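Printed here is protein27.cif (mmCIF, C-alpha atoms and all ligand atoms):
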data_structure
loop_
_atom_site.label_atom_id
_atom_site.label_comp_id
_atom_site.auth_asym_id
_atom_site.auth_seq_id
_atom_site.Cartn_x
_atom_site.Cartn_y
_atom_site.Cartn_z
CA MET A 1 101.85 126.62 89.91
CA LEU A 2 100.57 127.78 86.54
CA GLU A 3 99.13 131.28 86.41
CA ALA A 4 95.55 130.11 85.75
CA ASP A 5 95.69 127.78 88.80
CA GLN A 6 96.39 130.66 91.15
CA PHE A 7 92.87 132.00 90.80
CA ARG A 8 90.96 128.85 91.66
CA LEU A 9 89.93 128.43 95.27
CA GLY A 10 87.75 125.82 96.96
CA LEU A 11 86.35 125.39 100.45
CA TYR A 12 86.16 122.01 102.20
CA VAL A 13 83.85 121.74 105.23
CA HIS A 14 84.26 118.62 107.39
CA TRP A 15 81.26 117.33 109.34
CA PRO A 16 82.70 114.64 111.62
CA PHE A 17 79.61 112.71 112.76
CA CYS A 18 78.02 109.49 111.50
CA GLU A 19 75.13 107.51 112.91
CA ARG A 20 77.39 104.47 113.09
CA ARG A 21 80.92 103.78 111.86
CA CYS A 22 80.98 101.46 108.83
CA PRO A 23 83.32 98.49 109.38
CA TYR A 24 85.61 99.40 106.45
CA CYS A 25 85.90 103.14 107.19
CA ASP A 26 89.08 104.79 108.51
CA PHE A 27 87.96 108.43 108.16
CA ASN A 28 87.92 110.95 110.99
CA VAL A 29 84.36 110.18 112.07
CA HIS A 30 82.64 109.99 115.43
CA GLU A 31 79.47 108.05 116.18
CA LEU A 32 76.57 110.17 117.34
CA ASP A 33 75.09 109.54 120.74
CA PRO A 34 71.30 109.30 120.10
CA ASP A 35 70.66 110.71 123.59
CA GLN A 36 72.73 113.81 122.92
CA PRO A 37 71.46 115.76 119.93
CA THR A 38 74.08 117.86 118.13
CA ASP A 39 73.88 121.53 119.02
CA GLN A 40 73.48 122.67 115.42
CA ALA A 41 73.48 126.39 116.24
CA ARG A 42 76.78 126.01 118.10
CA TRP A 43 78.34 124.11 115.18
CA ALA A 44 77.05 126.64 112.66
CA ALA A 45 78.62 129.46 114.66
CA ALA A 46 81.94 127.62 115.06
CA LEU A 47 82.25 126.61 111.39
CA SER A 48 81.44 130.19 110.39
CA ALA A 49 84.02 131.54 112.86
CA GLU A 50 86.78 129.27 111.50
CA LEU A 51 85.85 130.28 107.97
CA ARG A 52 86.13 133.96 108.93
CA HIS A 53 89.59 133.20 110.34
CA PHE A 54 90.78 131.82 106.97
CA ALA A 55 88.95 134.30 104.72
CA PRO A 56 91.79 136.89 104.56
CA LEU A 57 94.06 134.16 103.11
CA ALA A 58 91.86 134.04 100.00
CA GLN A 59 93.76 137.23 99.09
CA GLY A 60 91.13 138.58 96.72
CA ARG A 61 90.17 135.28 95.09
CA ARG A 62 86.56 134.17 95.02
CA LEU A 63 85.36 130.61 95.61
CA THR A 64 84.92 128.24 92.67
CA SER A 65 83.58 125.33 94.76
CA ILE A 66 82.44 124.30 98.23
CA PHE A 67 82.32 120.68 99.39
CA PHE A 68 80.54 119.46 102.53
CA GLY A 69 82.21 116.12 103.32
CA GLY A 70 82.51 113.87 106.31
CA GLY A 71 81.39 111.95 108.17
CA THR A 72 77.80 112.32 107.14
CA PRO A 73 77.06 115.95 106.17
CA SER A 74 73.41 115.04 105.58
CA LEU A 75 73.14 114.96 109.39
CA MET A 76 73.63 118.74 109.29
CA ALA A 77 70.50 120.84 109.64
CA PRO A 78 69.86 122.81 106.43
CA GLU A 79 70.17 125.96 108.57
CA THR A 80 73.74 124.95 109.54
CA VAL A 81 74.65 124.43 105.88
CA GLU A 82 73.04 127.75 105.00
CA ALA A 83 75.00 129.57 107.71
CA VAL A 84 78.32 128.30 106.30
CA ILE A 85 77.35 129.13 102.71
CA ASP A 86 76.21 132.61 103.71
CA THR A 87 79.44 133.26 105.60
CA ALA A 88 81.47 132.06 102.61
CA ARG A 89 79.54 134.32 100.25
CA ARG A 90 79.92 137.32 102.54
CA GLU A 91 83.54 136.84 103.62
CA ILE A 92 85.12 135.50 100.41
CA GLY A 93 82.60 135.75 97.56
CA PHE A 94 81.58 133.31 94.83
CA LEU A 95 82.34 132.99 91.15
CA ASN A 96 79.09 132.86 89.17
CA ASP A 97 79.19 129.15 88.36
CA ILE A 98 80.23 128.01 91.84
CA GLU A 99 79.63 124.31 92.51
CA ILE A 100 78.36 123.52 96.02
CA THR A 101 78.31 119.80 96.80
CA LEU A 102 77.00 117.99 99.85
CA GLU A 103 77.63 114.30 100.52
CA ALA A 104 74.48 112.56 101.72
CA ASN A 105 73.55 109.16 103.03
CA PRO A 106 70.38 107.77 101.45
CA THR A 107 68.44 106.94 104.61
CA SER A 108 64.88 108.21 104.64
CA ALA A 109 65.61 110.53 107.59
CA ASN A 110 68.51 112.16 105.73
CA ALA A 111 66.50 112.43 102.51
CA GLU A 112 63.89 114.59 104.26
CA ARG A 113 66.48 117.37 104.37
CA PHE A 114 67.36 117.39 100.64
CA ALA A 115 64.96 120.19 99.67
CA GLY A 116 66.30 122.25 102.59
CA TYR A 117 69.88 121.86 101.32
CA ARG A 118 68.84 123.01 97.85
CA ALA A 119 67.14 126.05 99.37
CA ALA A 120 70.32 126.73 101.40
CA GLY A 121 72.35 126.99 98.16
CA VAL A 122 73.69 123.45 97.63
CA ASN A 123 73.53 122.71 93.88
CA ARG A 124 75.09 119.23 93.67
CA LEU A 125 74.29 116.19 95.79
CA SER A 126 76.56 113.17 96.11
CA LEU A 127 74.73 110.11 97.46
CA GLY A 128 76.61 107.30 99.22
CA ILE A 129 74.50 104.46 97.84
CA GLN A 130 77.46 101.99 97.84
CA SER A 131 75.47 99.00 96.57
CA LEU A 132 72.15 97.98 95.06
CA ARG A 133 72.35 94.52 96.64
CA PRO A 134 70.71 94.00 100.08
CA ASP A 135 73.28 91.42 101.23
CA ALA A 136 76.16 93.73 100.28
CA LEU A 137 74.65 96.70 102.16
CA LEU A 138 74.33 94.47 105.21
CA ALA A 139 77.92 93.24 104.91
CA LEU A 140 79.17 96.82 104.48
CA GLY A 141 77.33 97.82 107.66
CA ARG A 142 75.35 100.52 105.89
CA GLN A 143 72.33 102.11 107.56
CA HIS A 144 70.06 102.12 104.48
CA SER A 145 68.22 99.53 102.39
CA VAL A 146 68.15 99.33 98.58
CA ASP A 147 64.55 100.62 98.56
CA GLU A 148 65.51 103.57 100.75
CA ALA A 149 68.42 104.38 98.44
CA LEU A 150 66.19 104.34 95.37
CA ALA A 151 63.57 106.49 97.11
CA ALA A 152 66.28 108.93 98.24
CA LEU A 153 67.58 109.13 94.69
CA GLU A 154 64.14 110.02 93.42
CA LEU A 155 63.74 112.71 96.08
CA ALA A 156 67.20 114.05 95.26
CA ARG A 157 66.29 114.19 91.56
CA SER A 158 63.32 116.40 92.33
CA ALA A 159 65.57 118.89 94.15
CA PHE A 160 68.89 118.75 92.23
CA ASP A 161 69.87 118.97 88.55
CA ASN A 162 73.33 117.72 89.32
CA LEU A 163 73.38 114.36 91.03
CA SER A 164 76.17 111.90 91.71
CA PHE A 165 76.30 108.61 93.55
CA ASP A 166 78.99 106.25 94.81
CA LEU A 167 79.14 102.49 94.48
CA MET A 168 81.68 100.13 95.97
CA TYR A 169 82.80 97.11 93.97
CA ALA A 170 85.36 94.30 93.86
CA ARG A 171 83.79 93.27 97.15
CA PRO A 172 84.66 89.91 98.73
CA ARG A 173 82.64 87.12 97.04
CA GLN A 174 81.27 89.49 94.39
CA ASP A 175 81.58 87.95 90.93
CA ARG A 176 81.85 89.80 87.65
CA GLU A 177 78.42 88.75 86.39
CA ASP A 178 76.66 90.03 89.47
CA TRP A 179 78.65 93.28 89.32
CA ALA A 180 77.72 93.67 85.64
CA ALA A 181 74.02 93.34 86.51
CA GLU A 182 74.33 95.74 89.47
CA LEU A 183 76.22 98.31 87.41
CA ASP A 184 73.67 98.12 84.60
CA GLN A 185 70.92 98.71 87.15
CA ALA A 186 72.85 101.75 88.45
CA LEU A 187 73.44 103.17 84.96
CA ALA A 188 69.75 102.80 84.15
CA LEU A 189 69.18 105.40 86.91
CA ARG A 190 71.12 107.88 84.70
CA PRO A 191 73.16 109.73 87.32
CA ASP A 192 74.98 112.84 86.07
CA HIS A 193 78.12 111.51 87.68
CA ILE A 194 79.14 108.22 89.22
CA SER A 195 82.07 107.39 91.52
CA LEU A 196 83.10 103.73 91.63
CA TYR A 197 85.50 102.70 94.38
CA GLN A 198 87.07 99.33 94.91
CA LEU A 199 86.77 98.06 98.45
CA THR A 200 90.15 98.33 100.13
CA ILE A 201 91.02 96.95 103.56
CA GLU A 202 92.32 99.85 105.64
CA PRO A 203 94.44 99.50 108.79
CA ASN A 204 92.64 99.74 112.16
CA THR A 205 89.20 98.89 110.78
CA ILE A 206 86.87 96.01 111.65
CA PHE A 207 87.34 94.72 108.10
CA GLU A 208 91.08 94.52 108.71
CA GLN A 209 90.48 92.31 111.77
CA LEU A 210 88.03 90.13 109.82
CA ALA A 211 90.48 89.79 106.93
CA ARG A 212 93.27 88.84 109.33
CA LYS A 213 91.08 86.08 110.81
CA GLY A 214 90.17 84.88 107.31
CA ILE A 215 86.47 85.73 107.81
CA ILE A 216 86.48 87.98 104.75
CA ARG A 217 88.79 87.43 101.81
CA PRO A 218 89.74 90.52 99.82
CA LYS A 219 90.20 89.93 96.11
CA GLU A 220 93.65 89.33 94.66
CA ASP A 221 95.29 92.17 92.69
CA ASP A 222 94.79 90.43 89.33
CA GLU A 223 91.09 90.09 89.91
CA THR A 224 90.62 93.69 91.06
CA ALA A 225 92.58 94.90 87.99
CA ASP A 226 90.28 92.82 85.80
CA PHE A 227 87.19 94.31 87.53
CA TYR A 228 88.66 97.78 87.08
CA HIS A 229 89.37 97.58 83.35
CA TRP A 230 86.05 95.93 82.60
CA THR A 231 84.19 98.60 84.64
CA ARG A 232 85.86 101.50 82.84
CA GLN A 233 85.00 100.01 79.46
CA ARG A 234 81.39 99.43 80.50
CA LEU A 235 81.06 103.03 81.69
CA SER A 236 82.61 104.34 78.50
CA ALA A 237 80.20 102.27 76.39
CA ALA A 238 77.32 103.80 78.38
CA GLY A 239 78.52 107.33 77.52
CA TYR A 240 80.32 108.16 80.78
CA HIS A 241 83.77 109.70 80.51
CA GLY A 242 86.17 108.30 83.10
CA TYR A 243 87.96 111.59 83.65
CA GLU A 244 89.74 110.28 86.76
CA VAL A 245 90.67 106.85 88.13
CA SER A 246 87.34 106.34 89.95
CA ASN A 247 85.11 109.11 88.62
CA HIS A 248 82.89 109.19 85.55
CA ALA A 249 80.73 112.00 84.20
CA ALA A 250 77.83 111.97 81.75
CA ALA A 251 79.01 115.33 80.33
CA PRO A 252 82.04 117.61 80.84
CA ASP A 253 80.01 120.07 82.92
CA ARG A 254 79.05 117.22 85.27
CA GLU A 255 82.62 116.48 86.36
CA SER A 256 83.30 117.35 89.99
CA ALA A 257 84.84 120.83 89.94
CA HIS A 258 85.87 120.55 93.58
CA ASN A 259 87.66 117.22 93.24
CA ARG A 260 89.34 118.44 90.04
CA LEU A 261 90.81 121.19 92.15
CA TYR A 262 92.53 118.58 94.39
CA TRP A 263 93.83 116.58 91.44
CA ALA A 264 95.24 119.71 89.79
CA TYR A 265 96.81 120.70 93.14
CA GLN A 266 94.95 123.97 93.33
CA ASP A 267 94.11 125.82 96.53
CA TYR A 268 91.38 125.12 99.06
CA ILE A 269 90.54 126.22 102.57
CA GLY A 270 89.69 123.38 104.98
CA ILE A 271 87.47 123.96 108.03
CA GLY A 272 85.99 121.64 110.64
CA PRO A 273 87.56 118.88 112.77
CA GLY A 274 90.52 117.23 111.05
CA ALA A 275 90.12 119.24 107.83
CA HIS A 276 93.19 119.86 105.69
CA GLY A 277 93.78 122.90 103.49
CA ARG A 278 96.31 123.94 100.84
CA LEU A 279 96.76 127.66 100.36
CA THR A 280 99.16 129.74 98.34
CA THR A 281 99.79 132.98 100.16
CA ASP A 282 102.37 135.54 99.12
CA GLY A 283 103.82 133.03 96.63
CA ALA A 284 104.30 130.16 99.13
CA LYS A 285 102.17 126.99 99.17
CA THR A 286 101.16 126.15 102.72
CA ALA A 287 99.43 123.17 104.36
CA THR A 288 96.91 123.58 107.17
CA ARG A 289 95.40 120.97 109.48
CA GLN A 290 92.65 121.48 112.06
CA HIS A 291 92.29 119.59 115.35
CA ARG A 292 90.68 116.17 114.82
CA ALA A 293 88.64 115.77 118.01
CA PRO A 294 85.22 117.45 117.65
CA SER A 295 84.99 118.61 121.28
CA VAL A 296 88.53 120.05 121.32
CA TRP A 297 87.95 121.64 117.91
CA LEU A 298 84.75 123.32 119.17
CA ASP A 299 86.40 124.62 122.34
CA GLN A 300 89.41 126.00 120.49
CA VAL A 301 87.34 127.70 117.81
CA GLU A 302 85.14 129.29 120.46
CA ALA A 303 88.20 130.47 122.40
CA GLN A 304 90.42 131.72 119.57
CA GLY A 305 88.45 131.62 116.30
CA HIS A 306 90.19 128.56 114.84
CA ALA A 307 91.55 125.12 115.79
CA THR A 308 94.63 125.06 113.55
CA VAL A 309 97.16 122.44 114.64
CA THR A 310 99.68 123.04 111.85
CA HIS A 311 100.14 125.72 109.21
CA GLU A 312 103.42 125.11 107.44
CA THR A 313 105.13 126.08 104.21
CA LEU A 314 105.67 123.18 101.80
CA SER A 315 109.08 122.66 100.19
CA ALA A 316 109.43 121.99 96.45
CA GLU A 317 109.96 118.28 97.27
CA ASP A 318 106.74 118.26 99.36
CA ARG A 319 104.81 119.94 96.57
CA LEU A 320 105.97 117.44 93.98
CA ALA A 321 105.27 114.50 96.32
CA GLU A 322 101.68 115.72 96.72
CA ALA A 323 100.99 116.95 93.19
CA LEU A 324 102.27 113.89 91.29
CA PRO A 325 99.97 111.13 92.60
CA PHE A 326 96.99 113.52 92.33
CA GLY A 327 97.81 114.83 88.85
CA LEU A 328 98.49 111.38 87.41
CA ARG A 329 94.96 110.35 88.40
CA LEU A 330 93.47 112.68 85.78
CA THR A 331 92.83 110.72 82.59
CA GLU A 332 94.00 113.53 80.32
CA GLY A 333 97.02 114.21 82.56
CA LEU A 334 98.58 117.63 83.09
CA PRO A 335 101.20 119.74 81.30
CA LEU A 336 104.77 119.19 82.46
CA ALA A 337 104.87 122.94 83.04
CA HIS A 338 102.37 122.43 85.91
CA PHE A 339 104.88 120.27 87.80
CA GLU A 340 107.85 122.38 86.73
CA ALA A 341 106.19 125.49 88.18
CA LEU A 342 105.53 123.67 91.48
CA ALA A 343 108.97 122.08 91.77
CA PRO A 344 111.48 123.62 89.36
CA GLY A 345 114.09 121.16 88.09
CA LEU A 346 112.96 118.21 90.25
CA LEU A 347 111.33 116.04 87.58
CA SER A 348 113.84 113.91 85.71
CA ALA A 349 113.39 113.88 81.93
CA GLY A 350 115.25 110.52 81.86
CA LYS A 351 112.75 108.86 84.20
CA ILE A 352 109.81 110.21 82.24
CA GLU A 353 111.35 108.81 79.06
CA ALA A 354 111.91 105.44 80.74
CA LEU A 355 108.24 105.23 81.80
CA ARG A 356 107.13 106.22 78.31
CA ALA A 357 109.33 103.52 76.81
CA GLU A 358 107.83 100.95 79.23
CA GLY A 359 104.31 102.00 78.24
CA TYR A 360 103.25 103.34 81.66
CA LEU A 361 103.09 106.94 80.42
CA MET A 362 101.65 108.08 77.10
CA ALA A 363 104.31 108.97 74.55
CA ARG A 364 102.13 111.24 72.39
CA ASP A 365 103.10 114.60 73.74
CA ASP A 366 106.55 115.66 74.92
CA ASP A 367 105.33 118.44 77.18
CA TRP A 368 102.53 116.49 78.84
CA LEU A 369 102.42 113.93 81.66
CA GLN A 370 99.67 111.40 81.09
CA VAL A 371 99.29 107.87 82.41
CA SER A 372 98.38 105.04 80.00
CA ASP A 373 95.74 102.37 80.72
CA GLU A 374 98.59 100.10 81.76
CA GLY A 375 99.94 102.67 84.20
CA ARG A 376 96.63 103.56 85.83
CA PRO A 377 96.50 100.67 88.35
CA VAL A 378 100.04 101.52 89.58
CA ILE A 379 99.86 105.32 89.78
CA ASP A 380 101.26 105.55 93.31
CA ALA A 381 104.32 103.49 92.34
CA LEU A 382 104.86 105.66 89.24
CA ALA A 383 104.63 108.83 91.34
CA ARG A 384 107.16 107.45 93.85
CA TYR A 385 109.58 106.54 91.05
CA LEU A 386 109.29 109.97 89.43
CA GLN A 387 110.03 111.84 92.64
CA SER A 388 112.87 109.62 93.86
S1 LIG B 401 78.93 106.79 106.49
FE1 LIG B 401 80.81 107.20 105.31
S2 LIG B 401 82.10 108.45 106.65
FE2 LIG B 401 80.49 107.53 107.94
S3 LIG B 401 81.43 105.68 108.75
FE3 LIG B 401 80.33 105.07 106.89
S4 LIG B 401 81.87 105.23 105.25
FE4 LIG B 401 82.71 106.33 107.02
#

Would you mind giving the structure from this file in structure tokens?
Ligand code: SF4
Amino acid sequence: MLEADQFRLGLYVHWPFCERRCPYCDFNVHELDPDQPTDQARWAAALSAELRHFAPLAQGRRLTSIFFGGGTPSLMAPETVEAVIDTARREIGFLNDIEITLEANPTSANAERFAGYRAAGVNRLSLGIQSLRPDALLALGRQHSVDEALAALELARSAFDNLSFDLMYARPRQDREDWAAELDQALALRPDHISLYQLTIEPNTIFEQLARKGIIRPKEDDETADFYHWTRQRLSAAGYHGYEVSNHAAAPDRESAHNRLYWAYQDYIGIGPGAHGRLTTDGAKTATRQHRAPSVWLDQVEAQGHATVTHETLSAEDRLAEALPFGLRLTEGLPLAHFEALAPGLLSAGKIEALRAEGYLMARDDDWLQVSDEGRPVIDALARYLQS
């Protein structure tokens, strides 16, 4: 790890509940029972307790970012969010320009809490709009309408200077013309940041079953690659820098500081059910994982202050296997010294040369690892080749 990287530290907070599971989603989420309201005070206390457990591992560093992800973190009461932020400030401390993001669903009920999140200290909102087409929202099993999404965006604008939203594209039966019109409509809303994800069919989801029965037909690779390249060019023409495979910012200070931390393989504490963390302590990079089941997680945290299932030291091979696919996602790439510091002697100069000669890596800079436009759709394969 480069010296500058050692001082960056993030906090990921996992909120595991959703109103209903979307048919394409394979995240660690649990549907809420409408008859059993979440005990927010209990969750606030447990998240704060687990954070206190990890705080000594910050080893003097202060937080550069916090990310409330899920699940649907906009189902958290603002008081719960505030309790976690206050504990983080007290136990670890913040750098002055800390970024605090919360992922929100744009239903009207969730949007009512936006001002409360801002007052709690959240300074960046990421809205899961997913589509501006009613039929697509229905097919994706989303809980909001297009009108609700637009109203939520307006409410979010009044509370937050820094606003991002997600859209999903390359959907079954979506054609390029319709996507062009939808994307133009989205860009006219002038988000500070936009994340554009291609729909992928994940194992053990309803969409996987539907695809197997031929009820939905995912796009072929050629077509998704065509969608991808066209989308990046359209974003660039609209003034958005695609600084990562799926993420575009209207200005450098609107890039996601927290996600950058993952891509640059820097450290973060992970709390909440199923959360992962990566922490360098006493010179060793370690991986942590918390219990996935919300009820077990709660019981364990209340009994012993944390629900850690594993906390293990990563070998040089592990570090390279994790850092490569992340680092290659960054458009400007990373210095070779970054990987050399993580895994001394494990990257083969011959393989890098071969990929440069094939045009998958940029050949401009000898001491830099940067994927070309041609390499971007096959990053995982490039990473596997480089670490084999
Ligand atoms: S709202 Fe998000 S996290 Fe929840 S089920 Fe849908 S896609 Fe998954």

_Who sits within 12 Å of Ile216 in chain A, all atoms listed in the file, same chain under 2 positions skipped, as a PyMOL selection string_ = chain A and resi 23-24+139-140+171-174+199-201+206-214+218-219

Enumerate as a CSV table (one decimal) with C-alpha atoms, keeping the file's coordinate frame the residues within 6 Å of ligand LIG 401 (chain B), counting all atoms listed in the file.
chain,number,residue,atom,x,y,z
A,18,CYS,CA,78.0,109.5,111.5
A,21,ARG,CA,80.9,103.8,111.9
A,22,CYS,CA,81.0,101.5,108.8
A,25,CYS,CA,85.9,103.1,107.2
A,27,PHE,CA,88.0,108.4,108.2
A,70,GLY,CA,82.5,113.9,106.3
A,71,GLY,CA,81.4,112.0,108.2
A,72,THR,CA,77.8,112.3,107.1

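As for CA of Asn105 in chain A and CA of Ala159 in chain A, they are spaced 15.4 Å apart.
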
- Atomic separation - CA of Thr331 in chain A relative to CA of Met362 in chain A, Å: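 Value for the CA of Met362 in chain A-CA of Thr331 in chain A distance: 10.7 Å.
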
I need every residue sitting at most 12 Å from the point (80.0, 128.9, 92.3) (coordinates as in the file, only C-alpha atoms considered), written as a PyMOL selection string. chain A and resi 8-11+62-67+85+88-89+92-101+121-124+257-258

### Task
Please provide the set of residues having any atom within 7 Å of range 301-313 of chain A, restricted to only C-alpha atoms, with same-chain residues fewer than 2 positions apart removed, written as a list in words.
Ala46, Ala49, Glu50, His53, Ala284, Lys285, Thr286, Ala287, Thr288, Arg289, Gln290, His291, Trp297, Leu298, Asp299 and Ser315 of chain A

From CA of Tyr243 in chain A to CA of Gly333 in chain A the spacing works out at 9.5 Å

Please write out, as JSON, where the centre of an axis-aligned box around all listed atoms of range 90-98 of chain A lies and how long its edges are, in Å to one decimal, after adding 5 Å on each side.
{"center_x": 82.1, "center_y": 132.7, "center_z": 96.0, "size_x": 16.0, "size_y": 19.3, "size_z": 25.3}

Next on the checklist: Need to verify the contact set: Pro34 in chain A, 12 Å, only C-alpha atoms, exclusion of same-chain residues closer than 6 positions in sequence. Can you return it as JSON, numbers by chain?
Outcome noted: {"A": [17, 18, 19, 20]}

Mind dumping the selected residues with C-alpha atoms as an mmCIF file, in the coordinates of the input?
data_model
loop_
_atom_site.group_PDB
_atom_site.id
_atom_site.type_symbol
_atom_site.label_atom_id
_atom_site.label_comp_id
_atom_site.auth_asym_id
_atom_site.auth_seq_id
_atom_site.Cartn_x
_atom_site.Cartn_y
_atom_site.Cartn_z
ATOM 1 C CA PHE A 17 79.610 112.710 112.760
ATOM 2 C CA CYS A 18 78.020 109.490 111.500
ATOM 3 C CA GLU A 19 75.130 107.510 112.910
ATOM 4 C CA ARG A 20 77.390 104.470 113.090
#

Near-Ala77 in chain A list (9 Å; all atoms listed in the file; drop same-chain fewer than 4 positions) as JSON, numbers by chain: {"A": [40, 73, 81, 82, 113, 116, 117]}
